[in-house]
$ cat upload.txt   # compact mmCIF, C-alpha atoms and all ligand atoms
# COMPACT_ATOMS: atom_id res chain seq x y z
CA MET A 1 100.34 76.56 23.07
CA THR A 2 102.80 78.90 24.76
CA THR A 3 101.58 82.00 26.51
CA ARG A 4 103.23 85.28 27.33
CA ASN A 5 104.30 83.56 30.54
CA GLY A 6 106.69 81.42 28.49
CA THR A 7 105.20 78.17 29.66
CA ARG A 8 101.77 76.64 29.40
CA VAL A 9 99.53 77.72 32.29
CA ILE A 10 96.63 75.53 33.45
CA ALA A 11 94.46 76.89 36.27
CA ILE A 12 92.29 74.30 37.97
CA GLU A 13 89.87 75.99 40.43
CA GLU A 14 88.01 78.30 38.11
CA HIS A 15 84.29 78.76 38.62
CA PHE A 16 81.06 79.37 36.77
CA LEU A 17 77.42 79.56 37.76
CA ASP A 18 74.96 77.46 35.78
CA PRO A 19 71.91 79.44 34.60
CA GLU A 20 69.37 76.96 36.00
CA VAL A 21 71.11 76.86 39.36
CA LYS A 22 71.30 80.65 39.31
CA ALA A 23 67.53 80.83 38.78
CA VAL A 24 66.71 78.51 41.70
CA MET A 25 69.24 80.33 43.87
CA ALA A 26 67.59 83.67 43.05
CA ALA A 27 64.15 82.17 43.80
CA ASN A 28 65.55 81.19 47.22
CA GLY A 29 67.05 84.60 47.93
CA MET A 30 70.67 83.49 47.35
CA ARG A 31 72.85 85.92 45.39
CA PRO A 32 76.43 85.94 44.15
CA LEU A 33 78.85 88.16 46.06
CA GLY A 34 78.29 91.46 44.28
CA PRO A 35 77.78 92.46 40.65
CA GLU A 36 81.39 92.09 39.50
CA ILE A 37 81.62 88.47 40.61
CA GLY A 38 78.07 87.79 39.41
CA ARG A 39 78.82 89.17 35.94
CA ARG A 40 81.86 86.92 35.57
CA LEU A 41 80.30 83.79 37.07
CA ASP A 42 77.49 83.47 34.55
CA ASP A 43 79.03 84.95 31.42
CA GLY A 44 79.01 81.59 29.64
CA GLY A 45 82.63 81.79 28.50
CA ALA A 46 83.43 85.09 26.75
CA LEU A 47 84.71 86.91 29.85
CA HIS A 48 86.55 83.79 30.93
CA ILE A 49 88.48 83.79 27.64
CA LYS A 50 89.09 87.55 27.61
CA GLU A 51 90.55 87.55 31.09
CA MET A 52 92.50 84.33 30.48
CA ASP A 53 94.08 85.91 27.41
CA GLU A 54 94.91 89.11 29.28
CA ALA A 55 96.65 87.16 32.05
CA GLY A 56 98.26 84.46 29.90
CA ILE A 57 96.23 81.49 31.15
CA ASP A 58 96.01 78.76 28.53
CA MET A 59 93.44 76.48 30.10
CA GLN A 60 90.90 76.59 32.89
CA VAL A 61 89.49 73.48 34.51
CA LEU A 62 85.96 74.68 35.23
CA SER A 63 83.92 73.86 38.32
CA HIS A 64 80.59 75.15 39.57
CA SER A 65 80.74 77.89 42.19
CA PRO A 66 80.00 76.72 45.75
CA PRO A 67 77.88 75.05 46.96
CA GLY A 68 77.05 73.58 43.55
CA THR A 69 73.75 71.72 43.70
CA GLN A 70 74.41 70.31 47.16
CA TRP A 71 71.90 72.60 48.90
CA LEU A 72 68.88 71.48 46.84
CA ASP A 73 66.46 68.75 47.87
CA ALA A 74 67.71 65.36 46.74
CA ALA A 75 65.33 64.74 43.83
CA THR A 76 65.87 68.22 42.38
CA ALA A 77 69.62 67.89 42.83
CA VAL A 78 69.82 64.56 41.01
CA SER A 79 67.97 65.80 37.92
CA MET A 80 69.35 69.34 37.88
CA THR A 81 73.00 68.24 38.26
CA ARG A 82 72.77 66.19 35.07
CA GLY A 83 71.71 69.34 33.25
CA VAL A 84 74.53 71.35 34.84
CA ASN A 85 77.10 68.82 33.67
CA ASP A 86 75.56 68.47 30.20
CA ARG A 87 75.65 72.26 29.71
CA LEU A 88 79.23 72.33 30.97
CA LYS A 89 80.14 69.66 28.42
CA LEU A 90 78.74 71.86 25.60
CA TRP A 91 80.88 74.73 26.89
CA VAL A 92 84.06 72.63 26.95
CA ASP A 93 83.26 71.26 23.46
CA ARG A 94 83.13 74.78 22.04
CA ASP A 95 86.71 75.37 23.12
CA PRO A 96 88.44 72.15 24.21
CA THR A 97 91.93 73.66 24.04
CA ARG A 98 90.95 76.31 26.61
CA PHE A 99 88.58 74.45 28.94
CA ALA A 100 88.24 71.17 30.79
CA ALA A 101 85.77 70.31 33.54
CA PHE A 102 85.15 68.95 37.00
CA ALA A 103 81.68 67.47 37.50
CA ALA A 104 79.13 68.74 39.96
CA LEU A 105 77.61 65.91 42.00
CA PRO A 106 74.22 65.45 43.73
CA THR A 107 75.87 64.35 46.98
CA GLN A 108 72.45 64.17 48.70
CA GLU A 109 72.12 60.77 46.97
CA PRO A 110 75.60 59.22 47.16
CA ASP A 111 74.85 56.32 44.80
CA ALA A 112 73.37 58.69 42.22
CA ALA A 113 76.38 60.97 42.72
CA ALA A 114 78.76 58.07 42.07
CA ASN A 115 76.83 57.19 38.90
CA GLU A 116 76.86 60.81 37.76
CA LEU A 117 80.62 60.95 38.34
CA GLU A 118 81.07 57.86 36.20
CA ARG A 119 78.85 59.28 33.45
CA CYS A 120 80.77 62.57 33.50
CA VAL A 121 84.17 60.87 33.31
CA ASP A 122 83.34 58.08 30.87
CA LYS A 123 80.82 59.82 28.59
CA LEU A 124 81.64 63.53 28.92
CA GLY A 125 85.42 63.36 29.40
CA PHE A 126 85.42 65.26 32.69
CA LYS A 127 88.59 65.17 34.79
CA GLY A 128 87.14 64.53 38.25
CA ALA A 129 84.58 66.25 40.47
CA MET A 130 84.29 69.06 42.96
CA ILE A 131 82.39 68.79 46.24
CA TYR A 132 81.84 71.64 48.67
CA GLY A 133 82.17 72.11 52.41
CA LEU A 134 79.69 70.15 54.45
CA ALA A 135 77.26 67.95 52.56
CA ALA A 136 73.90 69.77 52.62
CA GLY A 137 75.60 72.23 54.96
CA GLN A 138 75.38 69.68 57.79
CA VAL A 139 77.64 66.61 57.55
CA PHE A 140 81.35 66.17 56.84
CA PHE A 141 82.12 64.05 53.78
CA ASP A 142 84.10 61.43 55.72
CA ASP A 143 80.73 60.00 56.83
CA LYS A 144 80.47 56.45 55.46
CA ARG A 145 77.26 57.24 53.61
CA PHE A 146 79.40 59.20 51.10
CA TRP A 147 81.99 56.48 50.53
CA PRO A 148 80.31 55.24 47.34
CA ILE A 149 81.44 58.53 45.76
CA PHE A 150 85.04 57.97 46.87
CA GLU A 151 84.96 54.32 45.85
CA ARG A 152 83.88 55.29 42.33
CA ALA A 153 86.43 58.10 42.04
CA ALA A 154 89.19 55.67 43.02
CA ALA A 155 87.94 53.08 40.52
CA LEU A 156 87.76 55.69 37.75
CA ASP A 157 91.18 57.02 38.78
CA VAL A 158 90.01 60.65 38.97
CA PRO A 159 90.51 63.12 41.84
CA ILE A 160 87.84 64.75 43.99
CA TYR A 161 88.40 68.45 44.70
CA LEU A 162 87.31 69.28 48.25
CA HIS A 163 86.28 72.94 48.08
CA PRO A 164 85.11 75.24 50.86
CA ALA A 165 81.52 76.39 51.27
CA PRO A 166 79.88 78.56 53.94
CA PRO A 167 80.76 76.97 57.30
CA HIS A 168 78.21 75.47 59.65
CA PRO A 169 76.17 78.25 61.32
CA THR A 170 76.93 76.83 64.79
CA MET A 171 80.65 77.16 64.12
CA VAL A 172 80.20 80.71 62.87
CA ASP A 173 77.98 81.50 65.84
CA ILE A 174 80.41 80.31 68.50
CA TYR A 175 83.73 81.12 66.86
CA LEU A 176 83.18 84.21 64.73
CA LYS A 177 79.83 85.94 65.21
CA ASP A 178 81.11 88.81 67.35
CA TYR A 179 83.32 90.09 64.54
CA LEU A 180 81.21 89.17 61.54
CA ALA A 181 79.46 92.50 61.04
CA ASP A 182 82.72 94.45 60.85
CA TYR A 183 84.75 91.72 59.11
CA PRO A 184 82.33 89.73 56.97
CA THR A 185 85.00 87.64 55.20
CA ILE A 186 86.09 85.98 58.47
CA ALA A 187 83.35 83.38 58.00
CA GLY A 188 84.54 82.91 54.40
CA PRO A 189 87.93 83.10 52.68
CA ALA A 190 89.67 84.99 55.48
CA TRP A 191 89.25 82.19 58.03
CA GLY A 192 86.05 80.09 58.16
CA PHE A 193 86.49 78.39 54.79
CA GLY A 194 90.01 77.23 55.59
CA ILE A 195 89.25 75.99 59.10
CA GLU A 196 86.30 73.98 57.97
CA THR A 197 87.93 72.51 54.86
CA ALA A 198 91.11 71.61 56.75
CA THR A 199 88.89 69.85 59.29
CA ALA A 200 87.14 68.00 56.47
CA ALA A 201 90.51 66.81 55.11
CA LEU A 202 91.78 65.77 58.56
CA ARG A 203 88.58 63.83 59.20
CA MET A 204 88.92 62.03 55.86
CA VAL A 205 92.36 60.74 56.84
CA LEU A 206 91.16 59.66 60.31
CA SER A 207 88.09 57.92 58.84
CA GLY A 208 90.16 55.24 57.13
CA VAL A 209 88.70 55.98 53.69
CA PHE A 210 92.23 55.92 52.26
CA ASP A 211 92.84 52.44 53.75
CA LYS A 212 89.67 51.24 52.05
CA TYR A 213 90.35 52.98 48.71
CA PRO A 214 94.13 53.29 48.35
CA ASN A 215 93.79 54.94 44.93
CA LEU A 216 91.57 57.77 46.22
CA LYS A 217 93.01 61.18 45.27
CA ILE A 218 91.89 64.42 46.92
CA ILE A 219 92.68 67.98 45.85
CA LEU A 220 92.63 70.89 48.31
CA GLY A 221 92.75 74.53 47.24
CA HIS A 222 94.31 77.55 48.92
CA LEU A 223 97.68 75.79 49.37
CA GLY A 224 96.17 73.01 51.41
CA GLU A 225 93.98 75.15 53.69
CA GLY A 226 96.82 75.50 56.21
CA ILE A 227 97.60 71.80 56.62
CA PRO A 228 101.14 71.87 55.15
CA PHE A 229 102.13 74.41 57.81
CA GLN A 230 100.63 72.21 60.55
CA LEU A 231 101.75 68.87 59.12
CA HIS A 232 104.60 68.13 61.48
CA ARG A 233 102.61 69.02 64.60
CA MET A 234 99.51 67.13 63.50
CA SER A 235 101.46 64.03 62.55
CA GLU A 236 103.65 63.99 65.64
CA SER A 237 100.81 64.67 68.10
CA LEU A 238 98.48 62.10 66.59
CA SER A 239 101.17 59.44 67.01
CA HIS A 240 101.34 59.72 70.83
CA VAL A 241 98.12 57.92 71.76
CA GLY A 242 95.02 56.38 70.24
CA ALA A 243 94.52 54.75 66.87
CA ALA A 244 97.45 56.41 65.08
CA SER A 245 99.88 55.22 67.77
CA LYS A 246 99.01 51.61 66.88
CA ARG A 247 99.98 52.03 63.24
CA PRO A 248 103.37 50.54 62.28
CA ASN A 249 104.57 53.91 61.04
CA ALA A 250 102.85 55.87 63.83
CA MET A 251 105.25 58.82 63.91
CA THR A 252 104.69 59.66 60.26
CA TRP A 253 101.32 58.07 59.52
CA PHE A 254 99.27 61.24 59.09
CA ARG A 255 102.01 62.95 57.11
CA ASP A 256 102.48 59.89 54.92
CA VAL A 257 98.79 59.65 54.03
CA PHE A 258 98.46 63.38 53.45
CA CYS A 259 101.52 63.59 51.21
CA ASP A 260 100.54 60.47 49.29
CA ARG A 261 96.80 60.98 48.76
CA PHE A 262 96.43 64.78 48.56
CA TRP A 263 97.34 67.36 45.94
CA ILE A 264 97.04 71.08 46.67
CA THR A 265 96.54 74.17 44.52
CA THR A 266 97.56 77.80 44.77
CA SER A 267 93.99 79.12 44.50
CA GLY A 268 93.64 82.49 46.23
CA ASN A 269 96.94 82.05 48.04
CA PHE A 270 99.71 83.66 46.00
CA SER A 271 102.22 83.59 48.83
CA THR A 272 105.82 82.59 48.20
CA PRO A 273 106.53 81.68 51.86
CA ALA A 274 103.39 79.51 51.96
CA LEU A 275 104.38 77.88 48.66
CA MET A 276 107.90 77.20 49.94
CA CYS A 277 106.51 75.53 53.07
CA SER A 278 104.17 73.44 50.95
CA MET A 279 106.92 72.41 48.53
CA ILE A 280 109.23 71.39 51.37
CA GLU A 281 106.52 69.40 53.16
CA MET A 282 104.82 67.78 50.15
CA GLY A 283 107.23 68.04 47.23
CA ALA A 284 106.94 69.92 43.94
CA ASP A 285 104.92 67.11 42.35
CA ARG A 286 101.94 67.84 44.60
CA ILE A 287 101.25 71.49 43.89
CA LEU A 288 99.11 72.71 40.99
CA TYR A 289 98.34 76.19 39.79
CA ALA A 290 94.88 77.68 40.35
CA VAL A 291 93.47 81.19 40.64
CA ASP A 292 89.92 80.77 42.06
CA TRP A 293 88.45 83.04 39.40
CA PRO A 294 86.29 85.11 39.69
CA PHE A 295 86.56 85.25 43.49
CA VAL A 296 90.22 86.08 42.84
CA MET A 297 91.36 87.86 39.66
CA ASN A 298 93.82 86.28 37.21
CA GLN A 299 96.37 89.08 37.01
CA PRO A 300 97.67 88.95 40.64
CA GLY A 301 98.39 85.26 40.05
CA THR A 302 100.25 86.02 36.83
CA ASP A 303 102.25 88.78 38.54
CA TRP A 304 103.17 86.32 41.28
CA ILE A 305 104.29 83.46 39.04
CA GLU A 306 106.32 85.81 36.85
CA GLU A 307 108.39 86.82 39.89
CA LEU A 308 108.56 83.38 41.43
CA ARG A 309 112.13 82.05 41.64
CA ILE A 310 111.85 78.29 41.46
CA SER A 311 113.73 75.92 39.18
CA PRO A 312 112.51 75.65 35.56
CA ASP A 313 111.53 72.06 36.27
CA ASP A 314 109.44 72.93 39.33
CA ARG A 315 107.92 75.83 37.43
CA ARG A 316 106.74 73.54 34.64
CA LYS A 317 105.29 71.13 37.20
CA LEU A 318 103.45 73.90 39.04
CA LEU A 319 102.06 75.69 36.00
CA HIS A 320 100.99 72.72 33.89
CA GLY A 321 102.88 69.43 34.32
CA ASN A 322 101.25 68.24 37.52
CA ALA A 323 97.79 69.11 36.18
CA GLU A 324 98.49 67.22 32.96
CA THR A 325 99.54 64.15 34.96
CA LEU A 326 96.86 64.18 37.66
CA LEU A 327 93.98 65.15 35.37
CA LYS A 328 95.26 63.35 32.24
CA LEU A 329 94.99 66.52 30.18
C1 LIG B 401 85.85 80.32 46.51
O1 LIG B 401 85.24 79.76 45.62
O2 LIG B 401 86.93 79.87 46.90
C2 LIG B 401 85.31 81.57 47.14
C3 LIG B 401 83.95 81.77 47.23
C4 LIG B 401 83.45 82.94 47.80
C5 LIG B 401 84.33 83.90 48.29
C6 LIG B 401 85.67 83.70 48.19
C7 LIG B 401 86.18 82.54 47.63
O3 LIG B 401 83.11 80.84 46.77
O4 LIG B 401 87.50 82.35 47.57
ZN ZN B 402 86.95 78.35 44.65
$ encode --input "upload.txt" --output "structure tokens"
Amino acid sequence: MTTRNGTRVIAIEEHFLDPEVKAVMAANGMRPLGPEIGRRLDDGGALHIKEMDEAGIDMQVLSHSPPGTQWLDAATAVSMTRGVNDRLKLWVDRDPTRFAAFAALPTQEPDAAANELERCVDKLGFKGAMIYGLAAGQVFFDDKRFWPIFERAAALDVPIYLHPAPPHPTMVDIYLKDYLADYPTIAGPAWGFGIETATAALRMVLSGVFDKYPNLKIILGHLGEGIPFQLHRMSESLSHVGAASKRPNAMTWFRDVFCDRFWITTSGNFSTPALMCSMIEMGADRILYAVDWPFVMNQPGTDWIEELRISPDDRRKLLHGNAETLLKL
């Protein structure tokens, strides 16, 4: 299929809210961010398609909105996440040319999460999984207890998308609280999300999980949550002392792992300078298109890519080719 944009467009961080999860969220006093986002998150597909058509997006890779089922108690999460993924499969099956899926995982029980990932990939045809922020809002995912999930993803050869979620309250309290009332997004997309998710990615590299599972592939949204801009400084500084300095390729170790094991998307970050930095640091093969619908609308992304002056080859990679390769679409 060719859209009005002249090339196939696949967007890979596009959210929905499962009706059962919505009900337990409501029962716990959790609400989507306003009626406009709420209306789009749980529309079941029709609004997705309408707004995809209007903006020339051919395919969305769907993922649950944060924090998925990660906030539930473990037993509820394990059973409810199966239902979430089964309902998502029915959705994709209604329109397989327009939708593909990332699994939600009950990360409270890492072995169950690994099994659910395998079921979703092998039986349901899902393309990977999305996990959010801190596990249960408390622990970074580099903790060894979660490695069974990464081991399975590597064995299945599917990526894990590391997505932001509300940051730890202690971080918000110490770093941001004074300005939160006047600038509520500073704990979210304006700053807190990126800081925390970049920290999660950094910690994953330091943990050695990529030494253990060399085929592990991680996706970051929002053009890498700031890491491409910091990559030289992080890599160089880490090499001076400590564990990185003992690596044979100390000077470039962090950069090498990041550029080899991570892919990034444009979700919510339609910035040409930031894209240029990312392309120079990581290469055009590492950057995939995403919108972050409905937290970000489709049309600003379309306006941006229509104006974007990159080579036809890089354009095809960004808009669909890299997604087709990484996600086997
Ligand atoms: C996101 O999914 O990236 C997101 C939210 C909430 C607010 C903004 C945002 O979940 O980008
Ligand atoms: Zn998102």
$ residues_near_ligand --input "upload.txt" --ligand "ligand LIG 401 (chain B)" --cutoff "6 Å" --atoms "all atoms listed in the file" --output "PyMOL selection string"
chain A and resi 65-66+189+292+295
$ residues_near_ligand --input "upload.txt" --ligand "ligand ZN 402 (chain B)" --cutoff "9 Å" --atoms "only C-alpha atoms and all ligand atoms" --output "number ranges by chain"
A: 13-15, 63-66, 163-165, 221-222, 267-268, 291-296
$ atom_distance --input "upload.txt" --atom1 "atom CA of A:Pro67" --atom2 "atom CA of A:Phe254"
28.2 Å
$ residues_around --input "upload.txt" --residues "A:Ala46" --least-positions-apart "3" --cutoff "12 Å" --atoms "all atoms listed in the file" --output "list of chain:residue names"
A:Phe16, A:Arg39, A:Arg40, A:Leu41, A:Asp42, A:Asp43, A:Ile49, A:Lys50, A:Glu51, A:Met52, A:Asp53, A:Trp91, A:Arg94, A:Asp95, A:Arg98
$ atom_distance --input "upload.txt" --atom1 "atom CA of A:Asn269" --atom2 "atom CA of A:Asn298"
12.0 Å
$ atom_distance --input "upload.txt" --atom1 "atom CA of A:Met276" --atom2 "atom CA of A:Tyr132"
26.7 Å
$ residues_near_point --input "upload.txt" --point "(106.5, 72.2, 42.0)" --cutoff "12 Å" --atoms "only C-alpha atoms" --output "MDAnalysis selection string"
chainID A and resid 263:266 275:289 305 308:323
$ write_last_selection --input "upload.txt" --atoms "C-alpha atoms" --output "PDB file, in the coordinates of the input"
ATOM      1  CA  TRP A 263      97.340  67.360  45.940  1.00  0.00           C
ATOM      2  CA  ILE A 264      97.040  71.080  46.670  1.00  0.00           C
ATOM      3  CA  THR A 265      96.540  74.170  44.520  1.00  0.00           C
ATOM      4  CA  THR A 266      97.560  77.800  44.770  1.00  0.00           C
ATOM      5  CA  LEU A 275     104.380  77.880  48.660  1.00  0.00           C
ATOM      6  CA  MET A 276     107.900  77.200  49.940  1.00  0.00           C
ATOM      7  CA  CYS A 277     106.510  75.530  53.070  1.00  0.00           C
ATOM      8  CA  SER A 278     104.170  73.440  50.950  1.00  0.00           C
ATOM      9  CA  MET A 279     106.920  72.410  48.530  1.00  0.00           C
ATOM     10  CA  ILE A 280     109.230  71.390  51.370  1.00  0.00           C
ATOM     11  CA  GLU A 281     106.520  69.400  53.160  1.00  0.00           C
ATOM     12  CA  MET A 282     104.820  67.780  50.150  1.00  0.00           C
ATOM     13  CA  GLY A 283     107.230  68.040  47.230  1.00  0.00           C
ATOM     14  CA  ALA A 284     106.940  69.920  43.940  1.00  0.00           C
ATOM     15  CA  ASP A 285     104.920  67.110  42.350  1.00  0.00           C
ATOM     16  CA  ARG A 286     101.940  67.840  44.600  1.00  0.00           C
ATOM     17  CA  ILE A 287     101.250  71.490  43.890  1.00  0.00           C
ATOM     18  CA  LEU A 288      99.110  72.710  40.990  1.00  0.00           C
ATOM     19  CA  TYR A 289      98.340  76.190  39.790  1.00  0.00           C
ATOM     20  CA  ILE A 305     104.290  83.460  39.040  1.00  0.00           C
ATOM     21  CA  LEU A 308     108.560  83.380  41.430  1.00  0.00           C
ATOM     22  CA  ARG A 309     112.130  82.050  41.640  1.00  0.00           C
ATOM     23  CA  ILE A 310     111.850  78.290  41.460  1.00  0.00           C
ATOM     24  CA  SER A 311     113.730  75.920  39.180  1.00  0.00           C
ATOM     25  CA  PRO A 312     112.510  75.650  35.560  1.00  0.00           C
ATOM     26  CA  ASP A 313     111.530  72.060  36.270  1.00  0.00           C
ATOM     27  CA  ASP A 314     109.440  72.930  39.330  1.00  0.00           C
ATOM     28  CA  ARG A 315     107.920  75.830  37.430  1.00  0.00           C
ATOM     29  CA  ARG A 316     106.740  73.540  34.640  1.00  0.00           C
ATOM     30  CA  LYS A 317     105.290  71.130  37.200  1.00  0.00           C
ATOM     31  CA  LEU A 318     103.450  73.900  39.040  1.00  0.00           C
ATOM     32  CA  LEU A 319     102.060  75.690  36.000  1.00  0.00           C
ATOM     33  CA  HIS A 320     100.990  72.720  33.890  1.00  0.00           C
ATOM     34  CA  GLY A 321     102.880  69.430  34.320  1.00  0.00           C
ATOM     35  CA  ASN A 322     101.250  68.240  37.520  1.00  0.00           C
ATOM     36  CA  ALA A 323      97.790  69.110  36.180  1.00  0.00           C
TER      37      ALA A 323
END
$ decode --input "upload.txt" --residues "stretch 271-283 of chain A" --atoms "C-alpha atoms" --output "PDB file, in the first residue's frame"
ATOM      1  CA  SER A 271      12.646  17.557  15.755  1.00  0.00           C
ATOM      2  CA  THR A 272      14.943  17.670  12.741  1.00  0.00           C
ATOM      3  CA  PRO A 273      18.042  18.715  14.754  1.00  0.00           C
ATOM      4  CA  ALA A 274      17.425  15.877  17.237  1.00  0.00           C
ATOM      5  CA  LEU A 275      16.924  13.435  14.348  1.00  0.00           C
ATOM      6  CA  MET A 276      20.140  14.607  12.674  1.00  0.00           C
ATOM      7  CA  CYS A 277      22.094  14.081  15.903  1.00  0.00           C
ATOM      8  CA  SER A 278      20.582  10.619  16.283  1.00  0.00           C
ATOM      9  CA  MET A 279      21.321   9.657  12.675  1.00  0.00           C
ATOM     10  CA  ILE A 280      24.934  10.799  12.966  1.00  0.00           C
ATOM     11  CA  GLU A 281      25.487   8.983  16.267  1.00  0.00           C
ATOM     12  CA  MET A 282      23.573   5.760  15.548  1.00  0.00           C
ATOM     13  CA  GLY A 283      23.107   5.547  11.792  1.00  0.00           C
TER      14      GLY A 283
END
